[in-house]
>>> print(open('data-v4.cif').read())   # mmCIF, C-alpha atoms and all ligand atoms
data_input
#
loop_
_atom_site.group_PDB
_atom_site.id
_atom_site.type_symbol
_atom_site.label_atom_id
_atom_site.label_comp_id
_atom_site.auth_asym_id
_atom_site.auth_seq_id
_atom_site.Cartn_x
_atom_site.Cartn_y
_atom_site.Cartn_z
ATOM 1 C CA MET M 1 3.767 -50.371 7.426
ATOM 2 C CA LYS M 2 0.906 -48.819 9.352
ATOM 3 C CA LYS M 3 1.866 -45.443 7.962
ATOM 4 C CA ILE M 4 1.912 -46.744 4.402
ATOM 5 C CA LEU M 5 -1.523 -48.320 4.789
ATOM 6 C CA LEU M 6 -2.829 -45.124 6.278
ATOM 7 C CA SER M 7 -1.571 -42.963 3.443
ATOM 8 C CA ALA M 8 -2.837 -45.448 0.889
ATOM 9 C CA ALA M 9 -6.255 -45.171 2.500
ATOM 10 C CA LEU M 10 -5.962 -41.401 2.370
ATOM 11 C CA LEU M 11 -5.156 -41.590 -1.312
ATOM 12 C CA MET M 12 -8.182 -43.767 -1.952
ATOM 13 C CA THR M 13 -10.382 -41.217 -0.182
ATOM 14 C CA LEU M 14 -8.814 -38.470 -2.226
ATOM 15 C CA ILE M 15 -9.659 -40.104 -5.514
ATOM 16 C CA SER M 16 -12.943 -41.773 -4.699
ATOM 17 C CA CYS M 17 -15.837 -40.311 -6.606
ATOM 18 C CA ASN M 18 -19.252 -39.505 -5.354
ATOM 19 C CA LYS M 19 -21.466 -41.214 -7.881
ATOM 20 C CA GLU M 20 -24.696 -40.577 -6.026
ATOM 21 C CA GLU M 21 -24.212 -36.867 -6.188
ATOM 22 C CA ASN M 22 -23.486 -36.804 -9.871
ATOM 23 C CA SER M 23 -26.459 -38.940 -10.730
ATOM 24 C CA THR M 24 -28.779 -36.425 -9.106
ATOM 25 C CA THR M 25 -27.635 -33.557 -11.326
ATOM 26 C CA ASN M 26 -29.680 -32.427 -14.321
ATOM 27 C CA ASP M 27 -28.178 -33.940 -17.412
ATOM 28 C CA LEU M 28 -28.688 -37.481 -16.158
ATOM 29 C CA THR M 29 -27.573 -39.732 -18.981
ATOM 30 C CA THR M 30 -24.408 -37.821 -19.808
ATOM 31 C CA ASN M 31 -23.345 -37.057 -16.275
ATOM 32 C CA ALA M 32 -23.986 -40.414 -14.679
ATOM 33 C CA THR M 33 -22.003 -42.252 -17.307
ATOM 34 C CA ARG M 34 -19.181 -39.865 -18.095
ATOM 35 C CA ASN M 35 -18.314 -39.475 -14.450
ATOM 36 C CA CYS M 36 -14.710 -39.746 -13.309
ATOM 37 C CA ALA M 37 -13.262 -42.274 -15.764
ATOM 38 C CA SER M 38 -9.658 -41.329 -14.920
ATOM 39 C CA ASN M 39 -10.325 -41.954 -11.266
ATOM 40 C CA GLU M 40 -12.060 -45.256 -11.877
ATOM 41 C CA VAL M 41 -9.120 -46.408 -13.965
ATOM 42 C CA LEU M 42 -6.791 -45.297 -11.166
ATOM 43 C CA GLU M 43 -8.840 -47.162 -8.565
ATOM 44 C CA ASN M 44 -8.563 -50.342 -10.619
ATOM 45 C CA GLN M 45 -4.810 -49.880 -11.030
ATOM 46 C CA LEU M 46 -4.509 -49.385 -7.267
ATOM 47 C CA ARG M 47 -6.478 -52.577 -6.622
ATOM 48 C CA GLU M 48 -4.265 -54.558 -8.973
ATOM 49 C CA HIS M 49 -1.016 -52.905 -7.868
ATOM 50 C CA PRO M 50 -1.304 -51.745 -4.236
ATOM 51 C CA GLU M 51 2.317 -50.539 -4.387
ATOM 52 C CA LEU M 52 1.155 -47.807 -6.798
ATOM 53 C CA ALA M 53 -0.410 -46.045 -3.796
ATOM 54 C CA ILE M 54 3.014 -45.819 -2.152
ATOM 55 C CA LYS M 55 4.544 -44.474 -5.347
ATOM 56 C CA MET M 56 1.789 -41.887 -5.717
ATOM 57 C CA ASN M 57 2.234 -40.801 -2.112
ATOM 58 C CA GLU M 58 5.934 -40.306 -2.836
ATOM 59 C CA ILE M 59 5.037 -38.244 -5.912
ATOM 60 C CA GLU M 60 2.710 -36.162 -3.724
ATOM 61 C CA SER M 61 5.432 -35.486 -1.127
ATOM 62 C CA PHE M 62 7.895 -34.699 -3.906
ATOM 63 C CA THR M 63 5.426 -32.305 -5.535
ATOM 64 C CA GLU M 64 4.800 -30.439 -2.298
ATOM 65 C CA LYS M 65 8.530 -30.217 -1.549
ATOM 66 C CA ALA M 66 9.399 -29.058 -5.094
ATOM 67 C CA ILE M 67 6.730 -26.350 -4.875
ATOM 68 C CA ARG M 68 7.901 -25.275 -1.379
ATOM 69 C CA GLU M 69 11.508 -25.023 -2.515
ATOM 70 C CA GLY M 70 10.619 -23.309 -5.771
ATOM 71 C CA ARG M 71 12.447 -26.085 -7.594
ATOM 72 C CA LEU M 72 10.532 -25.758 -10.851
ATOM 73 C CA VAL M 73 11.633 -26.033 -14.445
ATOM 74 C CA ASN M 74 11.770 -22.858 -16.507
ATOM 75 C CA GLY M 75 8.324 -23.389 -17.977
ATOM 76 C CA LYS M 76 9.642 -23.946 -21.488
ATOM 77 C CA ILE M 77 8.716 -27.581 -21.729
ATOM 78 C CA GLN M 78 7.783 -28.844 -25.195
ATOM 79 C CA ILE M 79 5.966 -32.144 -25.261
ATOM 80 C CA PRO M 80 6.082 -34.305 -28.396
ATOM 81 C CA VAL M 81 2.665 -35.864 -28.956
ATOM 82 C CA VAL M 82 1.992 -39.201 -30.652
ATOM 83 C CA VAL M 83 -1.617 -39.580 -31.758
ATOM 84 C CA ASN M 84 -2.819 -43.184 -32.058
ATOM 85 C CA VAL M 85 -6.027 -43.351 -34.105
ATOM 86 C CA LEU M 86 -8.039 -46.582 -33.850
ATOM 87 C CA TYR M 87 -10.960 -46.792 -36.257
ATOM 88 C CA LYS M 88 -13.659 -49.152 -37.502
ATOM 89 C CA THR M 89 -15.779 -46.541 -39.267
ATOM 90 C CA THR M 90 -14.433 -43.903 -41.643
ATOM 91 C CA ALA M 91 -15.754 -41.228 -39.262
ATOM 92 C CA GLU M 92 -13.518 -42.604 -36.503
ATOM 93 C CA ASN M 93 -10.515 -42.291 -38.803
ATOM 94 C CA ILE M 94 -10.371 -38.570 -38.070
ATOM 95 C CA SER M 95 -8.564 -36.169 -40.372
ATOM 96 C CA GLN M 96 -5.115 -34.681 -39.943
ATOM 97 C CA VAL M 97 -6.833 -31.290 -39.710
ATOM 98 C CA GLN M 98 -8.937 -32.474 -36.740
ATOM 99 C CA ILE M 99 -5.798 -33.852 -35.058
ATOM 100 C CA GLN M 100 -3.933 -30.584 -35.545
ATOM 101 C CA SER M 101 -6.955 -28.671 -34.191
ATOM 102 C CA GLN M 102 -6.552 -30.574 -30.912
ATOM 103 C CA ILE M 103 -2.822 -29.811 -30.705
ATOM 104 C CA ASP M 104 -3.642 -26.135 -31.370
ATOM 105 C CA ALA M 105 -6.312 -26.128 -28.635
ATOM 106 C CA LEU M 106 -3.874 -27.660 -26.128
ATOM 107 C CA ASN M 107 -1.267 -25.035 -26.999
ATOM 108 C CA LYS M 108 -3.761 -22.213 -26.533
ATOM 109 C CA ASP M 109 -5.176 -23.526 -23.253
ATOM 110 C CA PHE M 110 -1.750 -24.211 -21.725
ATOM 111 C CA ASN M 111 -0.330 -20.855 -22.844
ATOM 112 C CA ALA M 112 -3.239 -18.571 -21.942
ATOM 113 C CA THR M 113 -3.797 -17.710 -25.598
ATOM 114 C CA ASN M 114 -7.284 -19.223 -25.669
ATOM 115 C CA THR M 115 -9.714 -16.543 -26.912
ATOM 116 C CA ASP M 116 -11.927 -16.940 -23.824
ATOM 117 C CA PHE M 117 -9.094 -16.437 -21.298
ATOM 118 C CA ASN M 118 -10.298 -12.844 -20.920
ATOM 119 C CA LYS M 119 -13.646 -14.141 -19.661
ATOM 120 C CA VAL M 120 -12.028 -15.150 -16.344
ATOM 121 C CA PRO M 121 -13.834 -13.044 -13.703
ATOM 122 C CA SER M 122 -11.734 -10.382 -11.953
ATOM 123 C CA THR M 123 -12.126 -12.359 -8.704
ATOM 124 C CA PHE M 124 -9.674 -14.856 -10.190
ATOM 125 C CA SER M 125 -7.498 -12.568 -12.330
ATOM 126 C CA GLY M 126 -4.726 -12.793 -9.713
ATOM 127 C CA VAL M 127 -4.479 -16.557 -9.984
ATOM 128 C CA LYS M 128 -5.216 -17.299 -13.660
ATOM 129 C CA ALA M 129 -2.184 -18.987 -15.163
ATOM 130 C CA ASN M 130 -0.113 -19.153 -18.289
ATOM 131 C CA VAL M 131 1.203 -22.684 -17.747
ATOM 132 C CA GLY M 132 3.774 -22.279 -20.502
ATOM 133 C CA ILE M 133 3.956 -25.880 -21.662
ATOM 134 C CA SER M 134 3.643 -26.482 -25.393
ATOM 135 C CA PHE M 135 2.754 -29.497 -27.509
ATOM 136 C CA VAL M 136 4.205 -30.553 -30.849
ATOM 137 C CA LEU M 137 2.629 -33.181 -33.071
ATOM 138 C CA ASP M 138 5.310 -35.857 -33.412
ATOM 139 C CA GLN M 139 3.490 -38.528 -35.414
ATOM 140 C CA VAL M 140 0.089 -39.979 -36.174
ATOM 141 C CA ILE M 141 -0.332 -43.754 -36.145
ATOM 142 C CA ARG M 142 -3.534 -45.162 -37.610
ATOM 143 C CA LYS M 143 -4.931 -48.667 -37.272
ATOM 144 C CA SER M 144 -8.083 -50.248 -38.624
ATOM 145 C CA THR M 145 -9.807 -52.406 -35.988
ATOM 146 C CA THR M 146 -12.922 -54.551 -35.567
ATOM 147 C CA LYS M 147 -13.980 -53.055 -32.232
ATOM 148 C CA THR M 148 -17.013 -50.759 -32.096
ATOM 149 C CA SER M 149 -16.070 -49.456 -28.623
ATOM 150 C CA TRP M 150 -13.040 -49.821 -26.368
ATOM 151 C CA GLY M 151 -14.166 -49.163 -22.800
ATOM 152 C CA THR M 152 -11.764 -47.972 -20.112
ATOM 153 C CA ASN M 153 -9.613 -51.062 -19.482
ATOM 154 C CA ASP M 154 -6.656 -49.819 -21.587
ATOM 155 C CA ALA M 155 -7.217 -52.360 -24.397
ATOM 156 C CA MET M 156 -6.619 -49.576 -26.943
ATOM 157 C CA LYS M 157 -3.066 -49.252 -25.567
ATOM 158 C CA LYS M 158 -2.189 -52.891 -26.275
ATOM 159 C CA THR M 159 -1.277 -54.276 -29.681
ATOM 160 C CA THR M 160 -2.113 -57.755 -28.373
ATOM 161 C CA GLN M 161 -5.699 -56.612 -27.798
ATOM 162 C CA GLY M 162 -6.167 -54.991 -31.185
ATOM 163 C CA GLY M 163 -4.926 -51.591 -30.030
ATOM 164 C CA LEU M 164 -1.574 -49.844 -30.339
ATOM 165 C CA ASN M 165 1.257 -49.935 -27.820
ATOM 166 C CA PRO M 166 2.484 -46.456 -26.830
ATOM 167 C CA THR M 167 5.450 -45.022 -28.734
ATOM 168 C CA SER M 168 8.364 -43.835 -26.504
ATOM 169 C CA PRO M 169 6.025 -43.224 -23.534
ATOM 170 C CA THR M 170 8.775 -41.856 -21.273
ATOM 171 C CA THR M 171 9.563 -38.996 -23.670
ATOM 172 C CA LYS M 172 6.349 -38.583 -25.687
ATOM 173 C CA LEU M 173 2.756 -38.022 -24.681
ATOM 174 C CA ASN M 174 0.651 -40.712 -26.318
ATOM 175 C CA LEU M 175 -2.960 -39.903 -27.130
ATOM 176 C CA TRP M 176 -5.344 -42.660 -28.199
ATOM 177 C CA VAL M 177 -8.331 -41.514 -30.239
ATOM 178 C CA CYS M 178 -11.102 -44.084 -30.493
ATOM 179 C CA THR M 179 -14.705 -44.728 -29.495
ATOM 180 C CA ILE M 180 -14.680 -45.328 -25.733
ATOM 181 C CA GLY M 181 -18.421 -45.853 -25.194
ATOM 182 C CA GLY M 182 -20.569 -45.509 -22.087
ATOM 183 C CA GLY M 183 -20.696 -41.733 -22.500
ATOM 184 C CA ILE M 184 -17.057 -41.418 -21.411
ATOM 185 C CA LEU M 185 -15.354 -38.450 -23.052
ATOM 186 C CA GLY M 186 -11.812 -39.378 -22.135
ATOM 187 C CA TYR M 187 -9.528 -40.658 -19.420
ATOM 188 C CA ALA M 188 -5.932 -40.207 -18.360
ATOM 189 C CA GLN M 189 -3.272 -42.087 -16.461
ATOM 190 C CA PHE M 190 -1.824 -40.123 -13.540
ATOM 191 C CA PRO M 191 1.960 -39.877 -13.024
ATOM 192 C CA GLY M 192 3.341 -42.979 -11.313
ATOM 193 C CA GLY M 193 1.563 -45.598 -13.405
ATOM 194 C CA SER M 194 3.121 -48.123 -15.774
ATOM 195 C CA SER M 195 4.786 -46.585 -18.833
ATOM 196 C CA SER M 196 3.206 -49.318 -20.979
ATOM 197 C CA THR M 197 -0.211 -47.718 -20.443
ATOM 198 C CA ASP M 198 0.890 -44.107 -19.976
ATOM 199 C CA GLY M 199 -1.002 -41.391 -21.820
ATOM 200 C CA VAL M 200 -4.489 -40.095 -22.469
ATOM 201 C CA VAL M 201 -7.493 -41.607 -24.244
ATOM 202 C CA ILE M 202 -10.027 -39.305 -25.918
ATOM 203 C CA ASP M 203 -13.191 -40.342 -27.704
ATOM 204 C CA SER M 204 -12.950 -39.235 -31.361
ATOM 205 C CA LYS M 205 -16.271 -37.342 -31.030
ATOM 206 C CA TYR M 206 -14.733 -35.091 -28.368
ATOM 207 C CA PHE M 207 -11.298 -34.638 -29.910
ATOM 208 C CA GLY M 208 -10.239 -31.335 -31.454
ATOM 209 C CA THR M 209 -12.448 -28.498 -32.629
ATOM 210 C CA THR M 210 -13.533 -29.587 -36.117
ATOM 211 C CA GLY M 211 -14.552 -32.694 -38.092
ATOM 212 C CA THR M 212 -16.410 -35.119 -35.806
ATOM 213 C CA ALA M 213 -15.945 -32.950 -32.690
ATOM 214 C CA THR M 214 -19.389 -32.700 -31.111
ATOM 215 C CA TYR M 215 -21.023 -29.861 -29.148
ATOM 216 C CA PRO M 216 -20.894 -29.126 -26.203
ATOM 217 C CA TYR M 217 -17.495 -30.852 -26.099
ATOM 218 C CA ASN M 218 -16.119 -29.470 -29.353
ATOM 219 C CA LEU M 219 -13.453 -27.046 -28.127
ATOM 220 C CA GLY M 220 -10.769 -29.624 -27.394
ATOM 221 C CA ARG M 221 -11.133 -29.301 -23.652
ATOM 222 C CA THR M 222 -11.579 -32.952 -22.899
ATOM 223 C CA ALA M 223 -7.899 -33.294 -23.830
ATOM 224 C CA THR M 224 -6.995 -30.163 -21.836
ATOM 225 C CA HIS M 225 -8.741 -31.648 -18.763
ATOM 226 C CA GLU M 226 -7.223 -35.116 -19.246
ATOM 227 C CA VAL M 227 -3.719 -33.773 -19.893
ATOM 228 C CA GLY M 228 -4.234 -31.864 -16.637
ATOM 229 C CA HIS M 229 -4.728 -35.238 -14.902
ATOM 230 C CA TRP M 230 -1.735 -36.665 -16.786
ATOM 231 C CA MET M 231 0.259 -33.768 -15.263
ATOM 232 C CA ASN M 232 -1.018 -34.703 -11.788
ATOM 233 C CA LEU M 233 -4.014 -32.388 -11.393
ATOM 234 C CA ARG M 234 -7.023 -33.555 -9.396
ATOM 235 C CA HIS M 235 -10.611 -32.542 -10.007
ATOM 236 C CA ILE M 236 -11.243 -29.094 -8.572
ATOM 237 C CA TRP M 237 -13.886 -30.407 -6.125
ATOM 238 C CA GLY M 238 -11.397 -32.949 -4.741
ATOM 239 C CA ASP M 239 -13.628 -35.883 -5.759
ATOM 240 C CA THR M 240 -15.686 -35.680 -2.608
ATOM 241 C CA THR M 241 -18.060 -33.100 -1.115
ATOM 242 C CA CYS M 242 -16.003 -29.936 -0.439
ATOM 243 C CA GLY M 243 -12.906 -32.086 -1.070
ATOM 244 C CA ASN M 244 -9.257 -31.088 -1.415
ATOM 245 C CA ASP M 245 -7.577 -30.826 -4.826
ATOM 246 C CA GLN M 246 -4.182 -30.150 -3.163
ATOM 247 C CA VAL M 247 -4.124 -26.690 -4.762
ATOM 248 C CA SER M 248 -4.388 -23.722 -2.408
ATOM 249 C CA ASP M 249 -5.520 -21.025 -4.872
ATOM 250 C CA THR M 250 -8.555 -22.939 -6.132
ATOM 251 C CA PRO M 251 -11.649 -22.460 -3.946
ATOM 252 C CA LEU M 252 -13.555 -25.265 -2.266
ATOM 253 C CA HIS M 253 -16.290 -26.660 -4.495
ATOM 254 C CA ASN M 254 -19.252 -28.637 -3.193
ATOM 255 C CA THR M 255 -19.048 -31.055 -6.106
ATOM 256 C CA ALA M 256 -18.639 -31.175 -9.878
ATOM 257 C CA ASN M 257 -20.362 -28.479 -11.939
ATOM 258 C CA TYR M 258 -22.010 -29.223 -15.279
ATOM 259 C CA GLY M 259 -23.246 -27.198 -18.228
ATOM 260 C CA VAL M 260 -22.220 -23.543 -18.079
ATOM 261 C CA PRO M 261 -22.928 -22.269 -14.549
ATOM 262 C CA ALA M 262 -23.947 -18.639 -14.127
ATOM 263 C CA TYR M 263 -21.351 -16.480 -12.343
ATOM 264 C CA PRO M 264 -21.077 -16.134 -9.401
ATOM 265 C CA HIS M 265 -21.814 -19.655 -8.262
ATOM 266 C CA TYR M 266 -21.339 -19.830 -4.501
ATOM 267 C CA SER M 267 -20.052 -22.872 -2.666
ATOM 268 C CA THR M 268 -21.704 -23.841 0.611
ATOM 269 C CA CYS M 269 -18.380 -25.277 1.834
ATOM 270 C CA THR M 270 -16.377 -23.562 4.618
ATOM 271 C CA GLY M 271 -16.088 -19.838 3.839
ATOM 272 C CA THR M 272 -18.781 -20.034 1.098
ATOM 273 C CA PRO M 273 -16.322 -19.006 -1.640
ATOM 274 C CA ILE M 274 -17.303 -18.287 -5.236
ATOM 275 C CA GLU M 275 -16.519 -21.488 -7.108
ATOM 276 C CA MET M 276 -13.983 -21.409 -9.960
ATOM 277 C CA THR M 277 -16.390 -23.196 -12.303
ATOM 278 C CA MET M 278 -14.438 -21.980 -15.351
ATOM 279 C CA ASN M 279 -11.435 -24.108 -14.347
ATOM 280 C CA TYR M 280 -10.434 -26.884 -16.761
ATOM 281 C CA MET M 281 -10.510 -29.390 -13.906
ATOM 282 C CA ASP M 282 -14.229 -28.982 -13.282
ATOM 283 C CA TYR M 283 -16.858 -30.883 -15.345
ATOM 284 C CA THR M 284 -18.551 -28.040 -17.205
ATOM 285 C CA ASP M 285 -19.171 -27.942 -20.961
ATOM 286 C CA ASP M 286 -16.163 -26.976 -23.082
ATOM 287 C CA ARG M 287 -17.286 -23.338 -23.479
ATOM 288 C CA GLY M 288 -17.649 -23.075 -19.681
ATOM 289 C CA MET M 289 -13.960 -23.841 -18.924
ATOM 290 C CA TYR M 290 -11.079 -21.524 -19.795
ATOM 291 C CA MET M 291 -8.394 -21.370 -17.080
ATOM 292 C CA PHE M 292 -5.835 -23.172 -14.944
ATOM 293 C CA SER M 293 -4.699 -21.517 -11.695
ATOM 294 C CA ASN M 294 -1.137 -20.666 -10.642
ATOM 295 C CA GLY M 295 -1.308 -23.371 -7.973
ATOM 296 C CA GLN M 296 -2.262 -25.927 -10.606
ATOM 297 C CA LYS M 297 0.599 -24.665 -12.779
ATOM 298 C CA SER M 298 3.051 -25.250 -9.899
ATOM 299 C CA ARG M 299 1.769 -28.799 -9.411
ATOM 300 C CA MET M 300 2.141 -29.530 -13.127
ATOM 301 C CA LEU M 301 5.635 -28.027 -13.410
ATOM 302 C CA ALA M 302 6.805 -29.886 -10.288
ATOM 303 C CA ILE M 303 6.216 -33.211 -12.058
ATOM 304 C CA PHE M 304 8.733 -32.182 -14.744
ATOM 305 C CA SER M 305 11.432 -30.900 -12.360
ATOM 306 C CA THR M 306 14.603 -32.843 -11.476
ATOM 307 C CA GLY M 307 13.543 -36.065 -9.787
ATOM 308 C CA GLY M 308 9.914 -35.512 -10.820
ATOM 309 C CA ALA M 309 7.790 -38.362 -12.173
ATOM 310 C CA ARG M 310 7.774 -36.877 -15.681
ATOM 311 C CA ASN M 311 11.235 -35.322 -15.680
ATOM 312 C CA SER M 312 12.138 -37.526 -18.679
ATOM 313 C CA PHE M 313 9.845 -35.301 -20.785
ATOM 314 C CA ALA M 314 11.626 -32.096 -19.818
ATOM 315 C CA GLN M 315 14.968 -33.184 -21.312
ATOM 316 C CA PRO M 316 15.788 -31.532 -24.658
HETATM 317 N N1 LIG U 1 -15.015 -37.299 -18.278
HETATM 318 C C1 LIG U 1 -13.729 -36.709 -18.173
HETATM 319 C C2 LIG U 1 -13.000 -37.253 -16.948
HETATM 320 O O1 LIG U 1 -13.438 -38.091 -16.248
HETATM 321 C C3 LIG U 1 -13.649 -35.239 -18.267
HETATM 322 C C4 LIG U 1 -14.707 -34.408 -18.834
HETATM 323 C C5 LIG U 1 -14.145 -33.276 -19.661
HETATM 324 N N2 LIG U 1 -15.018 -32.144 -19.738
HETATM 325 C C6 LIG U 1 -15.192 -31.417 -20.846
HETATM 326 N N3 LIG U 1 -15.937 -30.329 -20.815
HETATM 327 N N4 LIG U 1 -14.658 -31.715 -21.994
HETATM 328 O O2 LIG U 1 -11.921 -36.905 -16.600
HETATM 329 ZN ZN ZN U 2 -11.348 -35.824 -14.847
HETATM 330 CA CA CA U 3 -8.222 -25.961 -3.626
#
>>> encode(input="data-v4.cif", output="structure tokens")
Amino acid sequence: MKKILLSAALLMTLISCNKEENSTTNDLTTNATRNCASNEVLENQLREHPELAIKMNEIESFTEKAIREGRLVNGKIQIPVVVNVLYKTTAENISQVQIQSQIDALNKDFNATNTDFNKVPSTFSGVKANVGISFVLDQVIRKSTTKTSWGTNDAMKKTTQGGLNPTSPTTKLNLWVCTIGGGILGYAQFPGGSSSTDGVVIDSKYFGTTGTATYPYNLGRTATHEVGHWMNLRHIWGDTTCGNDQVSDTPLHNTANYGVPAYPHYSTCTGTPIEMTMNYMDYTDDRGMYMFSNGQKSRMLAIFSTGGARNSFAQP
């Protein structure tokens, strides 16, 4: 019991955000409010369901073991995607073209065919990854609602609260596209959570690359970042000063980076490495992020391997 409590505490440290730090960065309004929604949602889930911490610790041990033993799937996973569009205004009822532009962006970013992949500095060319997971639009479900914003309490995932229940959440990735509010771009549920709320929420203004997609978040990378969380990736700075993202080939970062940092941006953490600010799991603008690392790829693939928390998605 002591051990369980201890690891639960460890998990809480791992995910806890440093709000003070983010509120002192430049772009105050955006940064302070859009900070760490996925982690806040996770913290709430952990408070309501303490046993989730145990489950997530098991997923962590499994992930490390699967990576150690090289027990990974072949990297030919195809994920069917259900897009749930919740709208009050006509602008929120985004077009099919905008939806497909997001699927296309995910496919490029996860298969190293994004046009900016060649901008990865040579320092990181040995670790930049072709994750090799693809996404196929399965269906679009649209619903007219009376809500002007949905917040981050998962209401959009519940028909009883005016939203839409997920469709086949153990075999399909559900995306909810709606107005979240509070400057939040999107949030994800990590592996291990309830299937009734599983998936990723993206604000319609930061979804896809056309239509209502809004600069500097108009390259579809909010979804890339959130799907990274959905596949068990942590923020690259480890959600605390010089924190651990459980990935060995990503350098230590002091904290989140915003905007488009000039290269090289040096960390003052142990070893003063050059930070991998162009990683999708940092907080830069969309045009500032264009790679996953091989270590992140291993973590993501491990989740889909036999016995993994999302193995149900890897079945043909
Ligand atoms: N706010 C999001 C989160 O908490 C991620 C931000 C995505 N960044 C971007 N450039 N689109 O996970
Ligand atoms: Zn995040
Ligand atoms: Ca790391």
>>> closest_residue(input="data-v4.cif", among="M:Tyr215, M:Phe304, M:Tyr187, M:Tyr258", to="ligand ZN 2 (chain U)", atoms="all atoms listed in the file")
M:Tyr187
>>> atom_distance(input="data-v4.cif", atom1="CA of Gly199 (chain M)", atom2="CA of Asn174 (chain M)")
4.8 Å
>>> resolve_selection(input="data-v4.cif", expression="the PyMOL selection byres (((chain M and resi 226) around 9) and not hetatm)", output="VMD selection string")
chain M and resid 38 186 to 189 200 to 202 221 to 225 227 to 231 233 281
>>> write_last_selection(input="data-v4.cif", atoms="C-alpha atoms", output="PDB file, in the coordinates of the input")
ATOM      1  CA  SER M  38      -9.658 -41.329 -14.920  1.00  0.00           C
ATOM      2  CA  GLY M 186     -11.812 -39.378 -22.135  1.00  0.00           C
ATOM      3  CA  TYR M 187      -9.528 -40.658 -19.420  1.00  0.00           C
ATOM      4  CA  ALA M 188      -5.932 -40.207 -18.360  1.00  0.00           C
ATOM      5  CA  GLN M 189      -3.272 -42.087 -16.461  1.00  0.00           C
ATOM      6  CA  VAL M 200      -4.489 -40.095 -22.469  1.00  0.00           C
ATOM      7  CA  VAL M 201      -7.493 -41.607 -24.244  1.00  0.00           C
ATOM      8  CA  ILE M 202     -10.027 -39.305 -25.918  1.00  0.00           C
ATOM      9  CA  ARG M 221     -11.133 -29.301 -23.652  1.00  0.00           C
ATOM     10  CA  THR M 222     -11.579 -32.952 -22.899  1.00  0.00           C
ATOM     11  CA  ALA M 223      -7.899 -33.294 -23.830  1.00  0.00           C
ATOM     12  CA  THR M 224      -6.995 -30.163 -21.836  1.00  0.00           C
ATOM     13  CA  HIS M 225      -8.741 -31.648 -18.763  1.00  0.00           C
ATOM     14  CA  VAL M 227      -3.719 -33.773 -19.893  1.00  0.00           C
ATOM     15  CA  GLY M 228      -4.234 -31.864 -16.637  1.00  0.00           C
ATOM     16  CA  HIS M 229      -4.728 -35.238 -14.902  1.00  0.00           C
ATOM     17  CA  TRP M 230      -1.735 -36.665 -16.786  1.00  0.00           C
ATOM     18  CA  MET M 231       0.259 -33.768 -15.263  1.00  0.00           C
ATOM     19  CA  LEU M 233      -4.014 -32.388 -11.393  1.00  0.00           C
ATOM     20  CA  MET M 281     -10.510 -29.390 -13.906  1.00  0.00           C
TER      21      MET M 281
END
>>> residues_near_ligand(input="data-v4.cif", ligand="ligand CA 3 (chain U)", cutoff="8 Å", atoms="all atoms listed in the file", output="count of residues only")
12
>>> closest_residue(input="data-v4.cif", among="M:Asn44, M:Thr123, M:Ser134, M:Thr268", to="Asp109 (chain M)", atoms="all atoms listed in the file")
M:Ser134
>>> resolve_selection(input="data-v4.cif", expression="the PyMOL selection byres (((chain M and resi 63) around 12) and not hetatm)", output="NGL selection string")
:M and (56-62 or 64-72 or 191 or 231-233 or 246-247 or 295-310)
>>> resolve_selection(input="data-v4.cif", expression="the PyMOL selection byres (((chain M and resi 136) around 10) and not hetatm)", output="short mmCIF file (atom, residue, chain, number, x, y, z; two decimals) with C-alpha atoms, in the frame of the given file")
data_model
loop_
_atom_site.label_atom_id
_atom_site.label_comp_id
_atom_site.auth_asym_id
_atom_site.auth_seq_id
_atom_site.Cartn_x
_atom_site.Cartn_y
_atom_site.Cartn_z
CA GLN M 78 7.78 -28.84 -25.20
CA ILE M 79 5.97 -32.14 -25.26
CA PRO M 80 6.08 -34.30 -28.40
CA VAL M 81 2.66 -35.86 -28.96
CA VAL M 82 1.99 -39.20 -30.65
CA GLN M 100 -3.93 -30.58 -35.54
CA ILE M 103 -2.82 -29.81 -30.70
CA ASP M 104 -3.64 -26.14 -31.37
CA LEU M 106 -3.87 -27.66 -26.13
CA ASN M 107 -1.27 -25.04 -27.00
CA SER M 134 3.64 -26.48 -25.39
CA PHE M 135 2.75 -29.50 -27.51
CA LEU M 137 2.63 -33.18 -33.07
CA ASP M 138 5.31 -35.86 -33.41
CA GLN M 139 3.49 -38.53 -35.41
CA LYS M 172 6.35 -38.58 -25.69
CA LEU M 173 2.76 -38.02 -24.68
#
>>> closest_residue(input="data-v4.cif", among="M:Gln45, M:Asn254, M:Phe207, M:Asn111", to="Tyr266 (chain M)", atoms="only C-alpha atoms")
M:Asn254
>>> closest_residue(input="data-v4.cif", among="M:Val41, M:Met291, M:Ala314, M:Leu86", to="ligand ZN 2 (chain U)", atoms="all atoms listed in the file")
M:Val41
>>> atom_distance(input="data-v4.cif", atom1="atom N4 of ligand LIG 1 (chain U)", atom2="CA of Lys158 (chain M)")
24.9 Å
>>> residues_around(input="data-v4.cif", residues="Thr210 (chain M)", least_positions_apart="5", cutoff="8 Å", atoms="all atoms listed in the file", output="number ranges by chain")
M: 97-98, 101, 218
>>> write_last_selection(input="data-v4.cif", atoms="C-alpha atoms", output="compact mmCIF listing (two decimals), in the coordinates of the input")
# COMPACT_ATOMS: atom_id res chain seq x y z
CA VAL M 97 -6.83 -31.29 -39.71
CA GLN M 98 -8.94 -32.47 -36.74
CA SER M 101 -6.96 -28.67 -34.19
CA ASN M 218 -16.12 -29.47 -29.35
>>> closest_residue(input="data-v4.cif", among="M:Ala91, M:Leu175, M:Leu42, M:Cys242", to="ligand LIG 1 (chain U)", atoms="all atoms listed in the file")
M:Leu42
>>> closest_residue(input="data-v4.cif", among="M:Val120, M:Asn84, M:Thr171, M:Gly181", to="Thr277 (chain M)", atoms="only C-alpha atoms")
M:Val120
